[in-house]
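Coordinates from target.cif are shown below (mmCIF, C-alpha atoms).
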data_upload
#
loop_
_atom_site.label_atom_id
_atom_site.label_comp_id
_atom_site.auth_asym_id
_atom_site.auth_seq_id
_atom_site.Cartn_x
_atom_site.Cartn_y
_atom_site.Cartn_z
CA MET A 1 80.56 -2.69 80.81
CA ALA A 2 77.43 -3.01 78.73
CA LYS A 3 76.99 -0.28 76.14
CA ILE A 4 74.20 0.96 73.91
CA ILE A 5 75.87 1.02 70.52
CA ALA A 6 72.93 1.93 68.28
CA GLY A 7 69.28 2.85 68.05
CA ILE A 8 66.89 1.60 65.42
CA GLY A 9 63.60 3.27 64.62
CA THR A 10 61.15 1.28 62.54
CA SER A 11 57.47 0.82 61.86
CA HIS A 12 56.00 -2.55 62.84
CA THR A 13 53.03 -2.87 60.46
CA PRO A 14 51.53 -6.38 60.70
CA ALA A 15 51.05 -6.65 56.93
CA ILE A 16 54.86 -6.57 56.57
CA GLY A 17 55.03 -9.72 58.68
CA ALA A 18 52.27 -11.33 56.64
CA ALA A 19 54.10 -10.48 53.40
CA LEU A 20 57.28 -12.10 54.73
CA ASP A 21 55.55 -15.17 56.13
CA ASN A 22 53.58 -15.76 52.93
CA GLY A 23 56.50 -15.27 50.55
CA LYS A 24 55.20 -12.04 48.99
CA THR A 25 58.34 -9.95 49.40
CA THR A 26 59.08 -9.92 45.67
CA GLU A 27 55.60 -8.76 44.67
CA PRO A 28 55.63 -5.24 43.18
CA TYR A 29 53.63 -3.86 46.12
CA TRP A 30 56.29 -4.98 48.61
CA THR A 31 59.56 -4.80 46.64
CA PRO A 32 60.39 -1.13 47.44
CA LEU A 33 59.81 -1.68 51.13
CA PHE A 34 61.97 -4.76 51.54
CA LYS A 35 64.66 -3.24 49.32
CA GLY A 36 64.64 -0.22 51.61
CA TYR A 37 65.52 -2.39 54.59
CA GLU A 38 68.35 -4.30 52.89
CA PRO A 39 71.16 -1.95 53.99
CA ALA A 40 69.97 -2.04 57.59
CA LYS A 41 69.73 -5.83 57.49
CA LYS A 42 73.33 -5.94 56.27
CA TRP A 43 74.32 -3.47 58.99
CA MET A 44 72.66 -5.69 61.59
CA ALA A 45 74.44 -8.83 60.33
CA GLU A 46 77.79 -7.01 60.56
CA THR A 47 77.07 -5.37 63.90
CA ALA A 48 75.73 -8.54 65.55
CA PRO A 49 74.79 -7.03 68.92
CA ASP A 50 74.48 -9.28 71.98
CA VAL A 51 71.22 -7.85 73.25
CA ALA A 52 68.30 -5.94 71.73
CA ILE A 53 65.95 -3.92 73.89
CA VAL A 54 62.79 -3.72 71.79
CA VAL A 55 60.41 -0.92 72.67
CA TYR A 56 57.04 -1.77 71.14
CA ASN A 57 53.39 -1.88 71.98
CA ASP A 58 51.20 -4.86 72.51
CA HIS A 59 48.03 -4.80 70.35
CA VAL A 60 45.57 -6.42 72.76
CA ASN A 61 47.46 -9.72 72.64
CA ALA A 62 49.63 -10.16 75.75
CA PHE A 63 47.45 -7.72 77.65
CA ASP A 64 43.69 -7.76 77.43
CA PHE A 65 41.93 -5.00 79.30
CA LYS A 66 42.20 -6.56 82.74
CA ILE A 67 45.59 -4.98 83.25
CA ILE A 68 47.05 -2.16 81.16
CA PRO A 69 50.62 -1.35 82.19
CA THR A 70 52.05 1.91 80.88
CA PHE A 71 55.63 0.58 80.85
CA ALA A 72 56.12 -3.20 81.12
CA LEU A 73 59.56 -4.80 81.00
CA GLY A 74 59.81 -8.43 79.90
CA CYS A 75 61.95 -10.20 82.51
CA GLY A 76 61.30 -13.81 81.42
CA ALA A 77 63.70 -16.29 79.82
CA GLU A 78 61.55 -16.59 76.71
CA PHE A 79 58.51 -15.07 75.09
CA PRO A 80 56.20 -17.18 72.88
CA ILE A 81 54.63 -15.77 69.72
CA ALA A 82 50.97 -14.71 70.02
CA ASP A 83 48.08 -15.92 67.84
CA GLU A 84 46.60 -12.51 67.04
CA GLY A 85 43.58 -13.89 65.27
CA TRP A 86 45.06 -15.50 62.16
CA GLY A 87 47.44 -18.01 63.80
CA ALA A 88 50.85 -17.27 65.33
CA ARG A 89 53.53 -15.92 62.99
CA PRO A 90 55.95 -18.71 62.02
CA VAL A 91 58.95 -17.06 63.67
CA PRO A 92 61.26 -18.35 66.41
CA VAL A 93 60.46 -17.97 70.07
CA VAL A 94 62.07 -14.83 71.47
CA LYS A 95 64.81 -15.50 74.04
CA GLY A 96 65.10 -13.03 76.87
CA TYR A 97 67.88 -11.94 79.20
CA PRO A 98 66.36 -12.24 82.68
CA GLU A 99 69.51 -11.17 84.58
CA LEU A 100 69.97 -7.92 82.69
CA ALA A 101 66.23 -7.24 82.67
CA ALA A 102 66.08 -7.65 86.47
CA HIS A 103 68.97 -5.23 86.82
CA MET A 104 67.23 -2.75 84.53
CA VAL A 105 64.03 -2.91 86.57
CA GLN A 106 65.95 -2.25 89.76
CA SER A 107 67.87 0.67 88.28
CA LEU A 108 64.80 2.18 86.60
CA VAL A 109 62.53 1.98 89.64
CA LEU A 110 65.18 3.57 91.85
CA ASP A 111 65.45 6.22 89.13
CA GLU A 112 61.71 6.83 89.67
CA PHE A 113 60.39 5.02 86.58
CA ASP A 114 57.88 2.59 88.06
CA MET A 115 58.12 -0.31 85.65
CA THR A 116 55.69 -3.19 85.58
CA ILE A 117 57.58 -6.48 85.81
CA VAL A 118 56.33 -9.12 83.37
CA ASN A 119 57.73 -12.62 83.77
CA GLU A 120 55.45 -14.36 81.30
CA MET A 121 53.97 -12.85 78.17
CA GLN A 122 53.42 -13.55 74.52
CA VAL A 123 54.81 -11.09 72.01
CA ASP A 124 52.97 -9.89 68.92
CA HIS A 125 53.75 -8.23 65.58
CA GLY A 126 54.81 -5.05 67.38
CA LEU A 127 57.98 -6.88 68.39
CA THR A 128 58.34 -9.62 65.79
CA VAL A 129 57.94 -7.51 62.62
CA PRO A 130 60.91 -5.25 63.48
CA MET A 131 62.93 -8.41 64.30
CA SER A 132 62.04 -9.91 60.91
CA LEU A 133 62.90 -6.68 59.08
CA LEU A 134 66.36 -6.46 60.65
CA TYR A 135 67.22 -10.17 60.97
CA GLY A 136 65.31 -11.80 58.11
CA GLN A 137 63.99 -15.31 58.63
CA PRO A 138 66.52 -17.24 60.77
CA LYS A 139 65.73 -20.53 62.54
CA ALA A 140 66.60 -18.89 65.85
CA TRP A 141 67.01 -15.16 66.61
CA PRO A 142 70.76 -14.46 66.90
CA VAL A 143 70.25 -12.01 69.78
CA ARG A 144 68.75 -11.95 73.23
CA VAL A 145 65.79 -9.63 73.55
CA ILE A 146 64.42 -7.53 76.38
CA PRO A 147 60.89 -6.46 75.41
CA LEU A 148 59.62 -3.13 76.70
CA ALA A 149 55.89 -2.88 76.08
CA VAL A 150 54.35 0.61 76.19
CA ASN A 151 50.63 1.32 76.41
CA VAL A 152 49.65 3.36 73.39
CA ILE A 153 46.25 1.69 72.98
CA GLN A 154 44.16 3.26 75.72
CA TYR A 155 44.49 7.04 75.83
CA PRO A 156 46.59 8.58 77.23
CA ALA A 157 49.87 7.02 76.21
CA PRO A 158 52.84 8.26 78.23
CA THR A 159 54.00 11.65 76.95
CA GLY A 160 56.88 11.96 74.53
CA HIS A 161 58.87 13.73 77.21
CA ARG A 162 58.33 10.94 79.72
CA CYS A 163 59.45 8.43 77.10
CA TYR A 164 62.53 10.48 76.26
CA MET A 165 63.49 10.64 79.95
CA LEU A 166 62.89 6.91 80.34
CA GLY A 167 65.29 6.34 77.46
CA LYS A 168 67.97 8.30 79.31
CA ALA A 169 67.38 6.19 82.42
CA ILE A 170 67.66 3.02 80.31
CA LYS A 171 71.08 4.15 79.08
CA LYS A 172 72.17 4.61 82.70
CA ALA A 173 70.74 1.19 83.66
CA VAL A 174 72.47 -0.63 80.81
CA GLU A 175 75.79 1.11 81.34
CA SER A 176 75.84 0.14 85.00
CA TRP A 177 75.77 -3.57 84.09
CA ASP A 178 79.22 -5.05 84.56
CA GLU A 179 79.46 -7.34 81.58
CA ASP A 180 80.85 -6.50 78.16
CA LEU A 181 77.70 -6.46 76.09
CA ARG A 182 76.88 -4.60 72.92
CA VAL A 183 73.27 -3.51 73.16
CA VAL A 184 70.96 -2.03 70.54
CA ILE A 185 67.61 -0.46 71.27
CA PHE A 186 64.63 -0.50 68.92
CA GLY A 187 61.93 2.18 68.96
CA THR A 188 59.04 0.80 66.93
CA GLY A 189 55.63 1.79 65.60
CA GLY A 190 54.35 4.67 63.49
CA MET A 191 54.89 6.58 61.46
CA SER A 192 51.77 8.57 60.52
CA HIS A 193 48.72 6.35 60.28
CA GLN A 194 45.13 5.96 61.36
CA ILE A 195 43.33 2.65 61.22
CA GLN A 196 39.98 3.60 62.69
CA GLY A 197 36.89 5.52 61.68
CA PRO A 198 36.01 7.52 58.56
CA ARG A 199 39.38 9.31 58.76
CA ALA A 200 41.30 6.02 58.38
CA GLY A 201 44.15 6.11 55.88
CA LEU A 202 45.53 9.45 57.03
CA ILE A 203 49.20 9.95 56.18
CA ASN A 204 51.29 13.06 56.88
CA THR A 205 54.61 12.79 55.08
CA PRO A 206 55.96 16.26 56.05
CA PHE A 207 55.29 15.43 59.72
CA ASP A 208 57.12 12.11 59.40
CA LYS A 209 60.11 13.56 57.58
CA ALA A 210 60.47 16.34 60.14
CA PHE A 211 60.33 13.69 62.87
CA LEU A 212 63.13 11.69 61.20
CA ASP A 213 65.19 14.90 60.74
CA ASP A 214 64.81 16.00 64.33
CA LEU A 215 65.87 12.69 65.85
CA THR A 216 69.36 14.08 65.25
CA ARG A 217 68.74 17.84 64.87
CA ASP A 218 66.33 18.60 67.68
CA PRO A 219 65.14 15.67 69.80
CA GLU A 220 64.04 18.14 72.49
CA ARG A 221 61.40 19.48 70.09
CA LEU A 222 60.15 15.96 69.44
CA SER A 223 59.95 15.28 73.16
CA ARG A 224 57.62 18.29 73.54
CA ILE A 225 55.09 17.33 70.85
CA PRO A 226 51.79 17.13 72.77
CA PRO A 227 49.59 14.02 72.33
CA ILE A 228 46.87 16.00 70.54
CA GLU A 229 49.32 16.98 67.80
CA TYR A 230 50.15 13.37 66.98
CA LEU A 231 46.44 12.45 66.93
CA ARG A 232 45.28 15.44 64.90
CA ASP A 233 48.16 15.89 62.46
CA ALA A 234 49.52 12.38 61.95
CA GLY A 235 46.59 10.06 62.73
CA ALA A 236 45.17 8.45 65.85
CA GLU A 237 47.74 5.64 65.80
CA ALA A 238 50.75 7.93 65.15
CA ILE A 239 50.96 8.30 68.92
CA GLU A 240 53.10 5.14 68.67
CA LEU A 241 55.97 7.46 67.72
CA VAL A 242 56.50 8.29 71.40
CA MET A 243 58.17 4.87 71.56
CA TRP A 244 60.88 6.11 69.20
CA LEU A 245 61.72 8.74 71.82
CA ILE A 246 62.62 6.04 74.36
CA MET A 247 65.12 4.74 71.80
CA ARG A 248 66.37 8.28 71.14
CA GLY A 249 66.77 9.08 74.83
CA ALA A 250 68.83 5.93 75.33
CA LEU A 251 71.40 7.15 72.75
CA GLY A 252 72.51 9.99 75.00
CA ASP A 253 73.17 13.67 74.40
CA GLY A 254 76.21 13.37 72.16
CA GLU A 255 76.47 13.52 68.38
CA LEU A 256 74.79 10.77 66.37
CA ALA A 257 75.61 9.36 62.96
CA VAL A 258 72.70 8.38 60.71
CA ARG A 259 73.76 5.02 59.25
CA HIS A 260 70.56 4.39 57.31
CA ARG A 261 67.31 6.16 56.71
CA PHE A 262 64.33 5.06 54.68
CA TYR A 263 60.75 6.24 54.21
CA HIS A 264 57.99 4.64 52.21
CA VAL A 265 54.22 4.94 51.76
CA PRO A 266 52.32 2.68 52.11
CA ALA A 267 52.53 -0.60 53.93
CA SER A 268 48.85 -1.44 54.18
CA ASN A 269 47.50 1.58 56.16
CA THR A 270 50.80 2.96 57.32
CA ALA A 271 53.68 5.26 56.43
CA VAL A 272 56.83 3.25 57.06
CA GLY A 273 59.88 4.98 58.48
CA HIS A 274 63.19 3.50 59.37
CA ILE A 275 66.43 4.91 60.77
CA VAL A 276 69.66 3.53 62.25
CA LEU A 277 71.52 5.88 64.60
CA GLU A 278 74.92 5.40 66.21
CA PRO A 279 76.47 7.57 68.91
CA VAL A 280 79.64 9.00 67.36
CA LEU A 281 81.86 9.96 70.30
CA GLU A 282 80.98 6.86 72.25
CA ALA A 283 81.94 4.69 69.29
CA ALA A 284 85.35 6.38 69.32
CA ASP A 285 86.04 5.65 72.97
CA ALA A 286 84.57 2.16 72.88
CA MET B 1 29.14 13.97 82.66
CA SER B 2 31.23 16.08 84.94
CA LYS B 3 34.25 16.68 82.79
CA GLN B 4 34.85 19.11 79.93
CA PRO B 5 34.90 17.68 76.39
CA GLU B 6 38.41 16.58 75.45
CA GLU B 7 40.29 18.43 72.72
CA TYR B 8 40.54 15.23 70.67
CA GLU B 9 36.73 14.98 70.43
CA ASP B 10 37.05 17.74 67.82
CA ILE B 11 38.99 15.47 65.43
CA PRO B 12 36.53 14.41 62.71
CA GLY B 13 35.99 10.77 61.82
CA THR B 14 37.87 9.55 64.89
CA TRP B 15 36.86 7.98 68.21
CA VAL B 16 39.83 8.09 70.54
CA PHE B 17 39.88 5.04 72.80
CA ASP B 18 39.95 6.80 76.15
CA ALA B 19 39.04 5.69 79.68
CA GLU B 20 35.32 6.32 79.11
CA ARG B 21 35.16 4.27 75.90
CA ALA B 22 37.32 1.59 77.53
CA ARG B 23 34.75 1.36 80.33
CA GLN B 24 31.81 1.11 77.91
CA GLY B 25 33.61 -1.37 75.70
CA TYR B 26 35.09 -3.59 78.39
CA HIS B 27 33.02 -6.71 77.69
CA LEU B 28 32.89 -6.08 73.96
CA ASN B 29 36.69 -6.01 73.89
CA ALA B 30 36.81 -9.12 76.10
CA PHE B 31 34.72 -10.90 73.45
CA LEU B 32 37.07 -9.70 70.70
CA TYR B 33 40.08 -10.81 72.74
CA SER B 34 38.60 -14.31 72.96
CA LEU B 35 38.96 -14.59 69.16
CA MET B 36 42.70 -15.15 69.63
CA SER B 37 42.05 -18.89 69.80
CA ALA B 38 41.18 -20.93 66.71
CA GLN B 39 38.68 -22.97 68.71
CA ASN B 40 36.82 -19.84 69.85
CA ARG B 41 36.82 -18.43 66.32
CA ALA B 42 35.18 -21.59 65.03
CA GLU B 43 32.64 -21.63 67.85
CA PHE B 44 31.76 -17.97 67.26
CA LEU B 45 31.31 -18.44 63.50
CA ALA B 46 29.12 -21.51 64.04
CA ASP B 47 26.54 -19.54 66.05
CA GLU B 48 27.42 -15.89 66.56
CA ARG B 49 24.42 -14.91 68.69
CA LYS B 50 24.90 -17.87 71.01
CA TYR B 51 28.60 -17.19 71.45
CA LEU B 52 27.98 -13.52 72.20
CA GLN B 53 25.69 -14.47 75.08
CA LYS B 54 28.80 -15.58 76.99
CA PHE B 55 29.81 -11.95 77.38
CA PRO B 56 27.73 -9.41 79.34
CA MET B 57 27.67 -6.92 76.47
CA THR B 58 24.80 -4.61 75.56
CA GLU B 59 22.33 -5.72 72.88
CA ALA B 60 23.47 -2.76 70.77
CA GLN B 61 27.03 -4.06 70.94
CA ARG B 62 25.91 -7.59 70.00
CA ASP B 63 23.89 -6.26 67.04
CA ALA B 64 26.85 -4.23 65.84
CA VAL B 65 29.11 -7.31 66.04
CA VAL B 66 26.72 -9.47 64.04
CA SER B 67 26.23 -6.80 61.37
CA ARG B 68 29.97 -5.90 61.39
CA ALA B 69 28.99 -2.26 61.89
CA TRP B 70 32.59 -1.18 62.42
CA ASN B 71 32.07 2.51 63.16
CA THR B 72 29.25 1.72 65.57
CA LEU B 73 31.57 -0.72 67.33
CA LEU B 74 34.15 2.05 67.71
CA GLN B 75 31.52 4.37 69.17
CA LEU B 76 30.37 1.67 71.59
CA GLY B 77 33.86 1.25 73.01
CA GLY B 78 35.52 -1.26 70.69
CA VAL B 79 39.21 -0.59 70.09
CA SER B 80 40.50 -0.96 66.55
CA TYR B 81 43.18 -3.55 67.38
CA ALA B 82 40.62 -5.77 69.09
CA LEU B 83 38.13 -5.20 66.24
CA ALA B 84 40.80 -6.39 63.84
CA LYS B 85 40.50 -9.84 65.42
CA LEU B 86 36.90 -9.94 64.21
CA ALA B 87 38.05 -8.97 60.73
CA PHE B 88 40.74 -11.70 60.86
CA THR B 89 38.12 -14.20 62.03
CA ASP B 90 36.25 -13.33 58.82
CA LYS B 91 39.54 -13.91 56.91
CA LYS B 92 39.65 -10.20 56.10
CA SER B 93 42.52 -7.75 56.52
CA TYR B 94 43.10 -4.50 58.43
CA GLN B 95 42.74 -2.75 55.10
CA PHE B 96 39.34 -4.30 54.53
CA MET B 97 38.19 -3.20 57.98
CA ALA B 98 39.54 0.31 57.41
CA SER B 99 37.82 0.57 54.01
CA GLN B 100 34.53 -0.40 55.64
CA MET B 101 35.02 2.30 58.27
CA VAL B 102 35.74 4.84 55.53
CA GLY B 103 32.75 3.59 53.53
CA ILE B 104 34.51 2.83 50.25
CA ALA B 105 35.42 -0.35 48.38
CA GLU B 106 38.58 -2.04 49.59
CA SER B 107 40.13 -1.64 46.12
CA ASP B 108 39.53 2.14 46.26
CA TYR B 109 41.01 2.29 49.74
CA VAL B 110 44.12 0.42 48.57
CA LYS B 111 44.38 2.88 45.66
CA MET B 112 44.13 5.84 48.05
CA MET B 113 46.96 4.43 50.17
CA LEU B 114 49.12 3.74 47.12
CA ALA B 115 48.62 7.36 46.08
CA GLY B 116 50.08 8.51 49.42
CA GLY B 117 47.11 8.14 51.74
CA ARG B 118 44.56 10.63 53.03
CA SER B 119 45.91 14.16 53.43
CA PRO B 120 45.32 15.68 56.89
CA ASP B 121 44.15 18.88 55.17
CA GLY B 122 40.45 19.29 55.86
CA TRP B 123 40.54 16.56 58.53
CA ARG B 124 42.16 18.29 61.50
CA SER B 125 39.03 19.60 63.19
CA LYS B 126 35.28 19.31 62.83
CA SER B 127 35.00 22.99 61.89
CA GLU B 128 37.67 22.60 59.20
CA ARG B 129 35.83 19.52 57.91
CA LYS B 130 32.54 21.40 57.46
CA GLY B 131 34.63 24.23 56.12
#
Encoded form (structure tokens):
Amino acid sequence: MAKIIAGIGTSHTPAIGAALDNGKTTEPYWTPLFKGYEPAKKWMAETAPDVAIVVYNDHVNAFDFKIIPTFALGCGAEFPIADEGWGARPVPVVKGYPELAAHMVQSLVLDEFDMTIVNEMQVDHGLTVPMSLLYGQPKAWPVRVIPLAVNVIQYPAPTGHRCYMLGKAIKKAVESWDEDLRVVIFGTGGMSHQIQGPRAGLINTPFDKAFLDDLTRDPERLSRIPPIEYLRDAGAEAIELVMWLIMRGALGDGELAVRHRFYHVPASNTAVGHIVLEPVLEAADA
Amino acid sequence: MSKQPEEYEDIPGTWVFDAERARQGYHLNAFLYSLMSAQNRAEFLADERKYLQKFPMTEAQRDAVVSRAWNTLLQLGGVSYALAKLAFTDKKSYQFMASQMVGIAESDYVKMMLAGGRSPDGWRSKSERKG
């Protein structure tokens, strides 16, 4: 049986990708950030999951404004890297898992989550920066990836509660797949940031730290944060944090162990948060 | 307008990209999306006005593109992630674009971020801002 063995929350700031691609990781500006991800990178190398479901948002790259799916599941065999305006990132093509993705779509739709099926799409920094942070710079990604793109660009994004419930349905979908697979799920984006208008540069560290705390202490509270609160208190683009709640929902209702946690301001315009969570009881009976 | 003002319209210095702005900005964003190809970026930079004629945008939108009037572009329905492609076309960064929106030098903006960013205090509502 396939099993979700861990959840990873991480920001996906494009400047992090640019720093990696241009060999700037040892510059003083970037050293603390990359050092902060070292333990999680080591954890990932040791854990070596078979599949990663990466919940992220497209930034007007795969999807222009002709079609804006709220939840889009990548069902293709591979996903090329998008040229976002400065050339494509020099990272490997992302290999999918079409059989498992097709099963997930079927399970999710019958569970009343009406997913958009995407067979061909390019992926952008929202997906590739988290991959680089956890896997470094390999010639080929050592994991198969199922991208789950969430609309957080045109208001309204799906609510935190809807995302949390979708996460629970993803757990059910994965665990009804009859193949021994170790699956991790990424929730990406955030944390507090605003990159538009005269209020750009907004950061709310207490909000972010409470969010990281409550992923284990009180995820129900997080699932009830209304959209306006993200926008007003943590910046217009902090709404991306609803994607972390898909990851959190997919870890189930049991106890979680926090394997790593890291918080740093800034990466470009953004507060960077990172957490690795493992279900405790399920690890014991695995 | 038949609907009540949205709660988020009370956030100062922010233009939430909602369905109404998406409608106004549709062709503007289509232009920005076209800058994902190196060939289009070169063609645009060679003759900006001519390139913009390919898209049925308003003259106000075209003017704002040419003058890189970032906040005006937001108000006219541009979405920040699409606007970033214009900044990248100019070989500038997100931080440069954000500093222009804030109205300060990029170096001062970088300093603000290094010092922990902009506090939300005083920026939660328009009444608090005038305060």
Legend entry - Given all atoms listed in the file as the counted atoms, nearest of B:Ser127, B:Asn29, B:Ser107, B:Ser2 to chain A: B:Asn29
Legend entry - Closest of A:Val150, A:Val143, A:Ile8, A:Val129 to Gly74 of chain A - atom-to-atom distances counting only C-alpha atoms: A:Val150
Inset, instruction - Identify all chain A residues at most 8 Å from chain B by counting all atoms listed in the file; ligands do not count. Present them as a PyMOL selection string. - result: chain A and resi 59-61+64-65+83-87+153-156+195-204+228+231-234+236+265-266+268-269
Legend entry - Residues returned when the PyMOL selection byres ((chain A and resi 94) around 8) runs on this file, as a list in words: Glu78, Phe79, Pro80, Ile81, Pro92, Val93, Lys95, Gly96, Trp141, Arg144 and Val145 of chain A
Quick check on the file I pasted: which residues fall under the PyMOL selection byres ((chain A and resi 42) around 12)? Write them as a PDB file with C-alpha atoms, in the coordinates of the input.
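Written file, part05.pdb:
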ATOM      1  CA  LYS A  35      64.660  -3.240  49.320  1.00  0.00           C
ATOM      2  CA  GLY A  36      64.640  -0.220  51.610  1.00  0.00           C
ATOM      3  CA  TYR A  37      65.520  -2.390  54.590  1.00  0.00           C
ATOM      4  CA  GLU A  38      68.350  -4.300  52.890  1.00  0.00           C
ATOM      5  CA  PRO A  39      71.160  -1.950  53.990  1.00  0.00           C
ATOM      6  CA  ALA A  40      69.970  -2.040  57.590  1.00  0.00           C
ATOM      7  CA  LYS A  41      69.730  -5.830  57.490  1.00  0.00           C
ATOM      8  CA  TRP A  43      74.320  -3.470  58.990  1.00  0.00           C
ATOM      9  CA  MET A  44      72.660  -5.690  61.590  1.00  0.00           C
ATOM     10  CA  ALA A  45      74.440  -8.830  60.330  1.00  0.00           C
ATOM     11  CA  GLU A  46      77.790  -7.010  60.560  1.00  0.00           C
ATOM     12  CA  THR A  47      77.070  -5.370  63.900  1.00  0.00           C
ATOM     13  CA  ALA A  48      75.730  -8.540  65.550  1.00  0.00           C
ATOM     14  CA  LEU A 133      62.900  -6.680  59.080  1.00  0.00           C
ATOM     15  CA  LEU A 134      66.360  -6.460  60.650  1.00  0.00           C
ATOM     16  CA  TYR A 135      67.220 -10.170  60.970  1.00  0.00           C
ATOM     17  CA  GLY A 136      65.310 -11.800  58.110  1.00  0.00           C
ATOM     18  CA  ARG A 259      73.760   5.020  59.250  1.00  0.00           C
ATOM     19  CA  HIS A 260      70.560   4.390  57.310  1.00  0.00           C
ATOM     20  CA  VAL A 276      69.660   3.530  62.250  1.00  0.00           C
TER      21      VAL A 276
END
